[in-house]
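Structure file upload_17.txt (compact mmCIF, C-alpha atoms and all ligand atoms) is printed below.
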```txt
# COMPACT_ATOMS: atom_id res chain seq x y z
CA MET A 1 13.84 -43.78 9.64
CA ILE A 2 14.64 -40.34 11.03
CA ALA A 3 17.72 -40.10 8.81
CA SER A 4 15.71 -40.93 5.70
CA VAL A 5 13.06 -38.32 6.61
CA PHE A 6 15.68 -35.62 7.00
CA GLY A 7 17.44 -36.85 3.89
CA GLY A 8 14.19 -36.42 1.97
CA LEU A 9 13.71 -32.93 3.34
CA ARG A 10 17.23 -31.98 2.41
CA ARG A 11 16.80 -33.23 -1.15
CA ARG A 12 13.60 -31.21 -1.56
CA SER A 13 15.23 -28.09 -0.15
CA TRP A 14 18.25 -28.45 -2.40
CA THR A 15 15.98 -28.89 -5.39
CA ALA A 16 14.10 -25.72 -4.43
CA LEU A 17 17.38 -23.88 -3.88
CA CYS A 18 18.76 -24.96 -7.27
CA VAL A 19 15.54 -23.96 -9.06
CA GLY A 20 15.71 -20.59 -7.27
CA LEU A 21 19.32 -20.08 -8.28
CA LEU A 22 18.61 -20.99 -11.90
CA THR A 23 15.66 -18.58 -11.99
CA SER A 24 17.79 -15.84 -10.49
CA VAL A 25 20.62 -16.47 -12.97
CA ALA A 26 18.12 -16.49 -15.84
CA ALA A 27 16.62 -13.19 -14.67
CA GLN A 28 20.06 -11.59 -14.39
CA ALA A 29 21.05 -12.91 -17.78
CA ALA A 30 17.87 -11.47 -19.23
CA SER A 31 18.45 -8.00 -17.80
CA ALA A 32 22.10 -7.99 -18.90
CA ALA A 33 21.05 -9.05 -22.41
CA ASP A 34 18.46 -6.28 -22.40
CA CYS A 35 21.13 -3.73 -21.58
CA PRO A 36 23.93 -4.09 -24.14
CA GLY A 37 27.29 -2.83 -22.94
CA HIS A 38 26.19 -2.78 -19.31
CA PRO A 39 26.60 -6.29 -17.90
CA ASP A 40 26.10 -5.04 -14.33
CA ALA A 41 22.86 -3.23 -15.10
CA ILE A 42 19.81 -4.08 -13.02
CA GLY A 43 17.60 -3.66 -16.12
CA THR A 44 13.83 -3.55 -16.13
CA SER A 45 12.35 -6.92 -15.27
CA ARG A 46 8.81 -6.28 -16.54
CA THR A 47 6.26 -3.66 -17.54
CA ILE A 48 2.81 -3.58 -15.99
CA VAL A 49 -0.18 -1.89 -17.60
CA VAL A 50 -2.62 -0.29 -15.15
CA ASP A 51 -6.12 1.10 -15.63
CA PRO A 52 -6.44 4.40 -13.71
CA ARG A 53 -10.25 4.20 -13.69
CA ALA A 54 -10.17 0.78 -12.03
CA HIS A 55 -7.59 1.90 -9.44
CA PRO A 56 -7.84 5.69 -8.95
CA ILE A 57 -5.60 5.97 -5.85
CA ILE A 58 -2.37 4.13 -5.03
CA GLY A 59 0.53 4.36 -2.60
CA THR A 60 0.59 3.10 0.98
CA MET A 61 2.03 6.32 2.38
CA GLN A 62 -1.57 7.55 2.18
CA TYR A 63 -3.84 4.82 0.91
CA GLY A 64 -4.65 1.20 1.56
CA LYS A 65 -3.67 0.15 -1.95
CA THR A 66 -0.57 0.24 -4.07
CA LEU A 67 0.63 -1.11 -7.40
CA PRO A 68 0.24 -4.89 -7.92
CA LEU A 69 3.92 -5.67 -7.36
CA GLY A 70 5.49 -8.98 -6.51
CA ASP A 71 7.93 -9.46 -3.67
CA ARG A 72 11.16 -7.45 -4.22
CA GLU A 73 9.71 -5.43 -7.09
CA VAL A 74 10.39 -1.70 -7.11
CA VAL A 75 8.89 1.16 -9.14
CA LEU A 76 11.13 4.23 -9.50
CA THR A 77 9.47 7.66 -9.61
CA PHE A 78 11.04 11.10 -10.02
CA ASP A 79 9.22 14.37 -9.25
CA ASP A 80 9.65 18.07 -10.05
CA GLY A 81 11.61 18.00 -13.35
CA PRO A 82 12.63 18.62 -15.94
CA LEU A 83 15.63 20.62 -14.77
CA PRO A 84 18.34 19.95 -17.37
CA LYS A 85 21.33 20.23 -15.06
CA TYR A 86 20.26 17.28 -12.91
CA SER A 87 17.43 15.63 -14.85
CA ASN A 88 19.79 14.84 -17.74
CA GLN A 89 22.21 13.13 -15.38
CA ILE A 90 19.37 11.10 -13.87
CA LEU A 91 18.38 10.03 -17.41
CA ASP A 92 21.99 9.02 -18.15
CA ILE A 93 22.23 6.92 -14.97
CA LEU A 94 18.91 5.20 -15.70
CA ALA A 95 20.02 4.54 -19.29
CA ALA A 96 23.26 2.95 -18.07
CA HIS A 97 21.13 0.58 -15.99
CA CYS A 98 18.36 0.13 -18.57
CA ALA A 99 15.98 1.03 -15.75
CA LYS A 100 12.63 2.56 -16.68
CA ALA A 101 10.91 5.01 -14.36
CA THR A 102 7.92 7.34 -14.10
CA PHE A 103 8.56 11.10 -14.13
CA PHE A 104 6.02 13.45 -12.54
CA LEU A 105 6.80 16.68 -14.37
CA VAL A 106 5.87 20.20 -13.29
CA GLY A 107 4.06 22.23 -15.97
CA ARG A 108 6.13 25.36 -15.39
CA GLN A 109 9.36 23.36 -15.67
CA ALA A 110 8.03 21.78 -18.88
CA ASN A 111 7.32 25.23 -20.35
CA ALA A 112 10.87 26.33 -19.50
CA ASN A 113 12.52 23.09 -20.72
CA PRO A 114 10.27 21.41 -23.31
CA GLU A 115 13.28 19.54 -24.69
CA GLY A 116 13.69 17.93 -21.27
CA VAL A 117 10.15 16.53 -21.44
CA ARG A 118 10.85 14.96 -24.83
CA LYS A 119 14.10 13.44 -23.54
CA VAL A 120 12.18 11.66 -20.79
CA ARG A 121 9.68 10.34 -23.34
CA ASP A 122 12.34 9.36 -25.91
CA ALA A 123 14.26 7.41 -23.26
CA GLY A 124 11.16 5.23 -22.86
CA HIS A 125 10.12 6.42 -19.41
CA THR A 126 6.54 7.19 -18.43
CA VAL A 127 5.72 10.91 -18.58
CA ALA A 128 3.22 11.95 -15.89
CA THR A 129 2.29 15.28 -14.27
CA HIS A 130 2.73 17.07 -10.95
CA SER A 131 0.66 20.31 -11.26
CA GLN A 132 1.51 23.53 -13.11
CA ASN A 133 3.28 25.60 -10.43
CA HIS A 134 3.95 23.12 -7.65
CA PRO A 135 1.96 25.05 -5.02
CA THR A 136 2.65 24.19 -1.41
CA GLY A 137 -0.39 23.12 0.56
CA MET A 138 -2.61 22.34 -2.42
CA ASP A 139 -5.06 20.75 0.01
CA ARG A 140 -5.77 24.23 1.40
CA LEU A 141 -6.34 25.88 -1.98
CA PRO A 142 -9.89 26.49 -3.22
CA LEU A 143 -10.89 23.50 -5.34
CA ASP A 144 -11.08 25.64 -8.47
CA ARG A 145 -7.43 26.60 -8.07
CA SER A 146 -6.43 22.96 -7.55
CA ARG A 147 -8.33 21.91 -10.67
CA GLN A 148 -6.62 24.68 -12.62
CA GLU A 149 -3.19 23.55 -11.36
CA ILE A 150 -3.85 19.96 -12.41
CA GLU A 151 -5.29 20.82 -15.84
CA GLN A 152 -2.66 23.43 -16.68
CA GLY A 153 0.10 21.03 -15.68
CA ILE A 154 -1.26 18.43 -18.10
CA ALA A 155 -1.66 21.08 -20.85
CA SER A 156 1.93 22.32 -20.45
CA VAL A 157 3.44 18.83 -20.58
CA THR A 158 1.22 17.97 -23.58
CA ALA A 159 2.48 21.08 -25.38
CA ALA A 160 6.11 20.19 -24.58
CA LEU A 161 5.68 16.65 -25.94
CA ALA A 162 4.65 18.32 -29.21
CA ASP A 163 3.63 15.11 -30.92
CA GLY A 164 -0.11 15.25 -30.34
CA THR A 165 0.11 12.80 -27.45
CA ALA A 166 -0.82 13.52 -23.87
CA PRO A 167 1.11 12.47 -20.77
CA ALA A 168 0.06 9.33 -18.91
CA PRO A 169 -3.06 9.92 -16.78
CA PHE A 170 -0.90 9.55 -13.66
CA LEU A 171 -0.93 12.47 -11.24
CA ARG A 172 1.06 13.18 -8.11
CA ILE A 173 0.07 16.15 -5.98
CA PRO A 174 2.98 18.33 -4.71
CA GLY A 175 3.94 17.29 -1.20
CA LEU A 176 1.17 14.64 -1.45
CA ARG A 177 -1.16 17.33 -0.03
CA VAL A 178 -4.46 15.96 -1.29
CA ASN A 179 -7.99 16.46 -0.04
CA ASP A 180 -11.31 14.84 -0.86
CA GLY A 181 -12.11 17.40 -3.55
CA ILE A 182 -8.81 16.78 -5.35
CA GLU A 183 -9.27 13.02 -5.14
CA GLU A 184 -12.79 13.24 -6.54
CA PHE A 185 -11.72 15.60 -9.32
CA ALA A 186 -8.80 13.36 -10.32
CA ALA A 187 -11.09 10.32 -10.42
CA SER A 188 -13.66 12.21 -12.52
CA LYS A 189 -10.93 13.00 -15.06
CA GLY A 190 -9.74 9.38 -15.19
CA LEU A 191 -6.45 10.32 -13.50
CA GLN A 192 -4.69 7.86 -11.25
CA LEU A 193 -3.56 9.64 -8.10
CA TRP A 194 -0.11 8.41 -7.11
CA SER A 195 1.13 8.65 -3.58
CA ALA A 196 4.21 6.48 -2.89
CA ASP A 197 5.22 3.59 -0.68
CA PHE A 198 8.39 5.21 0.66
CA PRO A 199 10.44 8.36 0.09
CA ALA A 200 14.20 8.79 0.55
CA ASP A 201 13.99 12.39 1.84
CA ASP A 202 16.14 13.61 -1.06
CA TRP A 203 14.41 17.02 -1.00
CA ARG A 204 15.85 17.69 2.45
CA ASN A 205 19.29 18.93 3.30
CA VAL A 206 20.83 15.50 3.86
CA SER A 207 23.84 13.78 2.33
CA ALA A 208 23.66 11.56 -0.74
CA ASN A 209 24.70 8.70 1.51
CA ARG A 210 21.71 9.37 3.75
CA VAL A 211 19.40 9.31 0.69
CA TYR A 212 20.85 5.93 -0.23
CA GLU A 213 20.46 4.60 3.33
CA LEU A 214 16.86 5.78 3.67
CA ALA A 215 15.90 4.37 0.27
CA MET A 216 17.29 0.94 1.12
CA GLN A 217 16.14 0.83 4.74
CA ARG A 218 12.58 1.84 3.94
CA LEU A 219 12.45 -0.55 1.00
CA GLU A 220 13.65 -3.39 3.23
CA GLN A 221 10.86 -2.55 5.68
CA LYS A 222 8.16 -2.91 3.04
CA GLY A 223 9.80 -5.48 0.78
CA LYS A 224 8.54 -3.84 -2.42
CA GLY A 225 6.84 -0.67 -3.61
CA ILE A 226 7.01 2.77 -5.19
CA LEU A 227 10.15 4.77 -4.37
CA LEU A 228 9.73 8.56 -4.45
CA LEU A 229 12.79 10.52 -5.63
CA HIS A 230 13.41 13.96 -7.20
CA ASP A 231 15.36 14.40 -10.43
CA ILE A 232 16.20 18.04 -9.63
CA GLN A 233 18.45 17.31 -6.64
CA PRO A 234 22.24 16.86 -6.84
CA ARG A 235 22.16 14.43 -3.90
CA THR A 236 19.74 12.23 -5.85
CA VAL A 237 22.13 12.22 -8.82
CA ALA A 238 24.91 11.19 -6.44
CA ALA A 239 22.87 8.51 -4.65
CA LEU A 240 21.09 6.89 -7.59
CA PRO A 241 23.95 4.75 -9.05
CA ARG A 242 24.60 3.21 -5.62
CA ILE A 243 20.87 2.63 -5.04
CA LEU A 244 20.54 0.81 -8.39
CA ARG A 245 23.66 -1.31 -7.77
CA GLU A 246 22.49 -2.25 -4.29
CA LEU A 247 18.97 -3.06 -5.54
CA LYS A 248 20.50 -5.56 -7.94
CA THR A 249 22.85 -7.00 -5.31
CA ARG A 250 19.94 -7.59 -2.92
CA GLY A 251 17.82 -9.25 -5.60
CA TYR A 252 15.30 -6.46 -6.20
CA ARG A 253 13.81 -5.95 -9.66
CA ILE A 254 12.70 -2.78 -11.43
CA VAL A 255 9.15 -2.66 -12.77
CA HIS A 256 8.01 -0.10 -15.35
CA VAL A 257 4.40 1.14 -15.19
CA VAL A 258 2.38 2.36 -18.18
CA PRO A 259 -1.30 3.29 -18.48
CA ALA A 260 -3.86 1.11 -20.23
CA THR A 261 -5.11 2.29 -23.64
CA PRO A 262 -7.72 0.84 -26.02
CA ASP A 263 -4.85 -1.02 -27.77
CA ARG A 264 -3.04 -1.98 -24.58
CA PRO A 265 -5.26 -3.71 -22.01
CA ALA A 266 -4.41 -3.64 -18.33
CA THR A 267 -2.28 -6.43 -16.92
CA PRO A 268 -4.71 -8.94 -15.34
CA THR A 269 -4.54 -8.80 -11.54
CA GLU A 270 -6.46 -10.05 -8.50
CA PRO A 271 -7.84 -7.53 -5.98
CA GLN A 272 -5.51 -8.67 -3.20
CA GLN A 273 -2.45 -7.95 -5.36
CA TRP A 274 -3.19 -4.24 -4.94
CA GLN A 275 -2.46 -4.49 -1.24
CA LEU A 276 1.13 -4.12 -0.09
CA HIS A 277 0.69 -7.00 2.35
CA PRO A 278 -2.32 -9.18 1.56
CA PRO A 279 -4.32 -10.13 4.66
CA SER A 280 -2.62 -12.73 6.79
CA GLU A 281 -4.22 -15.11 9.24
CA MET A 282 -1.54 -14.08 11.72
CA VAL A 283 -2.75 -10.47 11.79
CA ALA A 284 -5.97 -9.91 13.72
CA VAL A 285 -8.21 -7.72 11.62
CA SER A 286 -11.92 -7.79 10.98
CA ARG A 287 -12.53 -8.79 7.41
CA TRP A 288 -16.26 -9.32 7.55
CA PRO A 289 -18.08 -6.96 5.25
CA LYS A 290 -19.85 -4.22 7.10
CA ILE A 291 -23.57 -3.73 6.48
CA PRO A 292 -23.87 -0.19 5.23
CA LYS A 293 -27.60 0.25 5.73
CA PHE A 294 -30.14 -2.17 7.11
CA ALA A 295 -32.70 -2.63 4.37
CA PHE A 296 -36.01 -4.48 4.46
CA ALA A 297 -37.63 -6.31 1.60
CA ALA A 298 -41.28 -5.72 0.84
CA PRO A 299 -42.76 -8.98 2.20
CA THR A 300 -43.22 -9.34 5.95
CA LEU A 301 -43.34 -12.24 8.37
CA PRO A 302 -46.38 -12.79 10.62
CA VAL A 303 -45.92 -11.99 14.32
CA PRO A 304 -46.44 -15.11 16.47
CA ALA A 305 -49.60 -15.05 18.56
CA LEU A 306 -49.27 -14.83 22.33
CA SER A 307 -50.92 -18.22 22.61
CA ASP A 308 -47.97 -19.70 20.66
CA LEU A 309 -45.61 -18.93 23.54
CA ASP A 310 -45.39 -21.46 26.36
CA TRP A 311 -43.42 -19.52 28.99
CA HIS A 312 -46.49 -18.47 30.93
CA THR A 313 -46.88 -21.62 32.94
CA THR A 314 -47.69 -22.16 36.61
CA ASP A 315 -45.36 -25.14 36.69
CA LEU A 316 -42.23 -22.94 36.95
CA GLY A 317 -42.65 -22.34 40.70
CA ALA A 318 -42.74 -26.05 41.37
CA ARG A 319 -39.54 -26.63 39.42
CA ALA A 320 -37.80 -23.86 41.33
CA ALA A 321 -38.82 -25.53 44.61
CA ARG A 322 -37.31 -28.85 43.49
CA ARG A 323 -33.97 -27.14 42.68
CA ALA A 324 -33.85 -25.33 46.03
CA ARG A 325 -32.81 -28.51 47.92
CA GLY A 326 -34.24 -27.58 51.29
CA VAL A 327 -33.54 -23.84 51.22
CA PRO A 328 -36.76 -22.09 52.26
CA LEU A 329 -38.44 -20.32 49.42
CA PRO A 330 -40.44 -17.13 49.72
CA PRO A 331 -44.13 -17.86 50.18
CA VAL A 332 -44.82 -16.49 46.74
CA ALA A 333 -42.56 -17.42 43.84
CA PRO A 334 -40.98 -14.18 42.56
CA TRP A 335 -41.72 -15.15 39.00
CA PRO A 336 -43.29 -15.52 36.50
CA ARG A 337 -44.39 -11.93 36.71
CA GLN A 338 -47.13 -10.44 34.69
CA THR A 339 -45.69 -8.60 31.72
CA THR A 340 -47.34 -5.75 29.96
CA LEU A 341 -47.84 -6.77 26.36
CA PRO A 342 -49.14 -4.71 23.50
CA PRO A 343 -52.77 -5.39 22.76
CA ALA A 344 -53.22 -8.26 20.35
CA GLY A 345 -53.27 -7.17 16.74
CA THR A 346 -51.03 -4.06 17.04
CA LEU A 347 -48.10 -5.93 15.49
CA ALA A 348 -49.46 -7.97 12.66
CA ALA A 349 -46.18 -8.54 10.84
CA LEU A 350 -42.39 -8.21 11.11
CA PRO A 351 -40.21 -6.72 8.36
CA VAL A 352 -38.04 -9.17 6.37
CA PRO A 353 -34.34 -8.27 5.79
CA ALA A 354 -33.44 -7.75 2.13
CA ALA A 355 -31.54 -10.57 0.40
CA SER A 356 -28.75 -8.14 -0.57
CA LEU A 357 -27.74 -7.89 3.09
CA PHE A 358 -26.42 -11.43 3.00
CA LYS A 359 -24.28 -11.04 -0.11
CA ILE A 360 -20.52 -11.22 0.40
CA PRO A 361 -18.67 -8.69 -1.79
CA ASP A 362 -16.29 -10.19 -4.35
CA SER A 363 -13.29 -8.57 -2.68
CA ALA A 364 -14.12 -10.25 0.61
CA ARG A 365 -14.70 -13.57 -1.17
CA MET A 366 -11.24 -13.32 -2.75
CA THR A 367 -9.70 -12.62 0.65
CA LEU A 368 -11.46 -15.58 2.23
CA LEU A 369 -10.47 -17.92 -0.62
CA ALA A 370 -6.87 -16.72 -0.49
CA ALA A 371 -6.81 -17.25 3.27
CA SER A 372 -8.01 -20.87 3.00
CA ALA A 373 -5.55 -21.61 0.20
CA ARG A 374 -2.73 -20.17 2.29
CA ARG A 375 -3.81 -22.24 5.31
CA ALA A 376 -3.54 -25.45 3.23
CA ALA A 377 -0.22 -24.42 1.72
CA THR A 378 1.22 -23.47 5.12
CA ALA A 379 0.40 -26.86 6.61
CA GLN A 380 2.06 -28.64 3.68
CA ALA A 381 5.14 -26.46 3.65
CA ARG A 382 5.78 -26.49 7.40
CA SER A 383 8.23 -29.40 7.38
CA THR A 384 10.15 -28.05 4.39
CA GLU A 385 10.49 -24.69 6.09
CA VAL A 386 12.42 -26.24 8.95
CA SER A 387 15.30 -27.38 6.79
CA SER A 388 15.05 -24.38 4.46
CA ALA A 389 15.57 -22.13 7.43
CA LYS A 390 18.72 -24.05 8.31
CA LEU A 391 20.04 -23.64 4.79
CA ALA A 392 19.04 -20.05 4.30
CA GLY A 393 20.13 -18.92 7.74
CA LYS A 394 18.31 -15.92 8.97
CA SER A 395 15.12 -15.39 7.04
CA ARG A 396 14.22 -11.92 5.86
CA GLN A 397 11.82 -10.00 8.06
CA HIS A 398 8.62 -8.67 6.65
CA GLY A 399 7.87 -5.61 8.70
CA ARG A 400 4.49 -3.98 8.76
CA PRO A 401 4.22 -0.68 6.91
CA VAL A 402 5.95 2.03 8.87
CA ALA A 403 4.60 5.52 8.97
CA ALA A 404 6.71 7.30 6.43
CA GLN A 405 7.21 10.99 6.39
CA PRO A 406 5.27 12.83 3.73
CA PRO A 407 7.63 14.24 1.17
CA ALA A 408 7.61 17.85 0.20
CA SER A 409 9.41 19.25 -2.76
CA VAL A 410 10.33 22.40 -4.58
CA GLY A 411 9.82 25.34 -2.32
CA GLU A 412 8.77 23.20 0.61
CA THR A 413 12.21 22.37 1.90
CA ALA A 414 12.16 24.60 4.94
CA GLN A 415 8.76 23.55 6.12
CA ALA A 416 9.43 19.92 5.38
CA ALA A 417 12.66 20.02 7.32
CA GLN A 418 10.81 21.41 10.33
CA ASN A 419 8.08 18.82 10.13
CA ALA A 420 10.29 15.88 9.25
CA GLY A 421 10.98 13.09 11.68
CA GLU A 422 14.74 13.56 11.66
CA THR A 423 14.63 17.02 13.17
CA THR A 424 12.35 15.73 15.91
CA PRO A 425 14.44 14.62 18.89
CA LYS A 426 14.86 10.86 18.95
CA PRO A 427 13.29 9.10 21.96
CA ALA A 428 16.66 8.29 23.49
CA ALA A 429 18.00 11.79 23.04
CA GLN A 430 14.84 13.27 24.45
CA ALA A 431 14.99 10.93 27.39
CA LYS A 432 18.57 11.92 28.17
CA ARG A 433 17.44 15.50 28.49
CA ASN A 434 14.67 14.34 30.78
CA GLY A 435 17.03 12.19 32.82
CA ARG A 436 15.24 8.94 31.90
CA SER A 437 17.74 7.63 29.37
CA VAL A 438 18.02 4.08 30.70
CA ARG A 439 14.34 3.22 30.67
CA VAL A 440 13.49 4.78 27.29
CA ALA A 441 16.65 3.45 25.65
CA GLY A 442 15.60 0.00 26.83
CA LEU A 443 12.19 0.48 25.26
CA LYS A 444 13.73 1.71 22.06
CA LYS A 445 15.75 -1.48 21.69
CA ARG A 446 12.52 -3.43 21.42
ZN ZN A 501 7.13 17.82 -6.01
```
Using structure tokens, write down the structure from this file.
Ligand SMILES: [Zn+2]
Amino acid sequence: MIASVFGGLRRRSWTALCVGLLTSVAAQAASAADCPGHPDAIGTSRTIVVDPRAHPIIGTMQYGKTLPLGDREVVLTFDDGPLPKYSNQILDILAAHCAKATFFLVGRQANANPEGVRKVRDAGHTVATHSQNHPTGMDRLPLDRSRQEIEQGIASVTAALADGTAPAPFLRIPGLRVNDGIEEFAASKGLQLWSADFPADDWRNVSANRVYELAMQRLEQKGKGILLLHDIQPRTVAALPRILRELKTRGYRIVHVVPATPDRPATPTEPQQWQLHPPSEMVAVSRWPKIPKFAFAAPTLPVPALSDLDWHTTDLGARAARRARGVPLPPVAPWPRQTTLPPAGTLAALPVPAASLFKIPDSARMTLLAASARRAATAQARSTEVSSAKLAGKSRQHGRPVAAQPPASVGETAQAAQNAGETTPKPAAQAKRNGRSVRVAGLKKR
């Protein structure tokens, strides 16, 4: 009996494994076929169309939402170009892998190298913008200056394209230094404000190998997302081929993102797909919708009359005596006491809560439905998981989002290097200086 149960489990697991392998082989075959002459290319697995007005802010480095990516899907982004010396090499590497990316171009760079803008477009990548002059600390600029930076950047890239088309309404603010005014302005212009899900610190003075390591480690932490790189850095040129090869080896897929147009509707998605990690029953968070403002409807309910209440009864003292079981009671029962009540008629009616207070928003409904569906699926899949785990060995960890360091860029290197986590002493190192190395190193291991 036991043997047949385990036999059944094994057969199911093997079937799942074979289907998985076939799917994986088919996907690889598809990307190789899509990239003639480059059998080892990672390719671009799919293109998603997004509506900036429906989703005005994305990127979990700053926001609660990100692109609706599946597990192991990666979106490549490059900031600060075009700078021919390095941008052209980045384009060549991407072409050799048939990988499509999004380029956030600086208006001033576009004015200096308009040909570079057209190369990005002609290679089939998404052309987006990154301000006119790449000011540092745009969040501290007067809003008028920020608006000017954003609009001039778009105008310069539009001029460089020179075909009457405008860049995609995707905007990334230099150093991700946004404020409420910038966010509101971007939304009013129908621009989608892109943060990122993880950087690789390629704007800092680190080795190409370090850029590769950070890209892969941070991706593994999140499992999917938007990678922020810079196409004007030699270390990025050096790291990119290895990043793309490793992405393919580890089963990641490249996703290309384009904006919705009247002729190209947005890819249908569910609200929870825009979260990096949809709510899990294992994570304790409050998902009940908050009531923003307590509203009352016009009709009221009558206040009950005092005579409707039956608490004011002389029988209570007698009951208390029965419960006392021989313990002497005070000569006068301490209660019921006389209570001061408002004169009859002062409260004729009570307000009725508005019906809208009891509505559950659609987003919350989706979350609740998804949670129940997952609960059912989890129960069914539990037995299969046992043998799958044996076959697959160590399962991949899904870490919670880690606080990533905000990237800076052109002209921000020095400040960024000072602020960045790497220049901050590591806990263990700090502890050594403080003579507490053993205890803190032990904590660090956890
Ligand atoms: Zn930048």
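Proximity of A:Leu161, A:Leu214, A:Ala239, A:Leu105 to ligand ZN 501 (chain A), computed with all atoms listed in the file, is greatest for A:Leu105.
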_Surrounding residues as a count of residues only, ligand ZN 501 (chain A), max 12 Å, only C-alpha atoms and all ligand atoms_ = 50
_Close residues, Thr102 of chain A itself excluded, 10 Å, only C-alpha atoms, min 6 positions apart in chain, as a list of chain:residue names_ = A:Val75, A:Leu76, A:Thr77, A:Phe78, A:Asp79, A:Val120, A:Arg121, A:Gly124, A:His125, A:Thr126, A:Val127, A:Ala128, A:Thr129, A:Ala168, A:Phe170, A:Leu228, A:His256, A:Val257, A:Val258
*asked:* Report, in Å with one decimal, the straight-line distance from atom CA of Pro262 of chain A to atom CA of Leu276 of chain A.
replied: 27.8 Å
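The spacing separating atom CA of Val74 of chain A from atom CA of Leu227 of chain A amounts to 7.0 Å.
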*So what do you get for atom CA of Asp197 of chain A versus atom CA of Arg72 of chain A, distance-wise?*
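Interatomic distance, atom CA of Asp197 of chain A to atom CA of Arg72 of chain A: 13.0 Å.
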*Find the residues around segment 245-254 of chain A up to 9 Å (all atoms listed in the file counted), leave out those fewer than 5 positions away in its own chain, and share them as a count of residues only.*
24
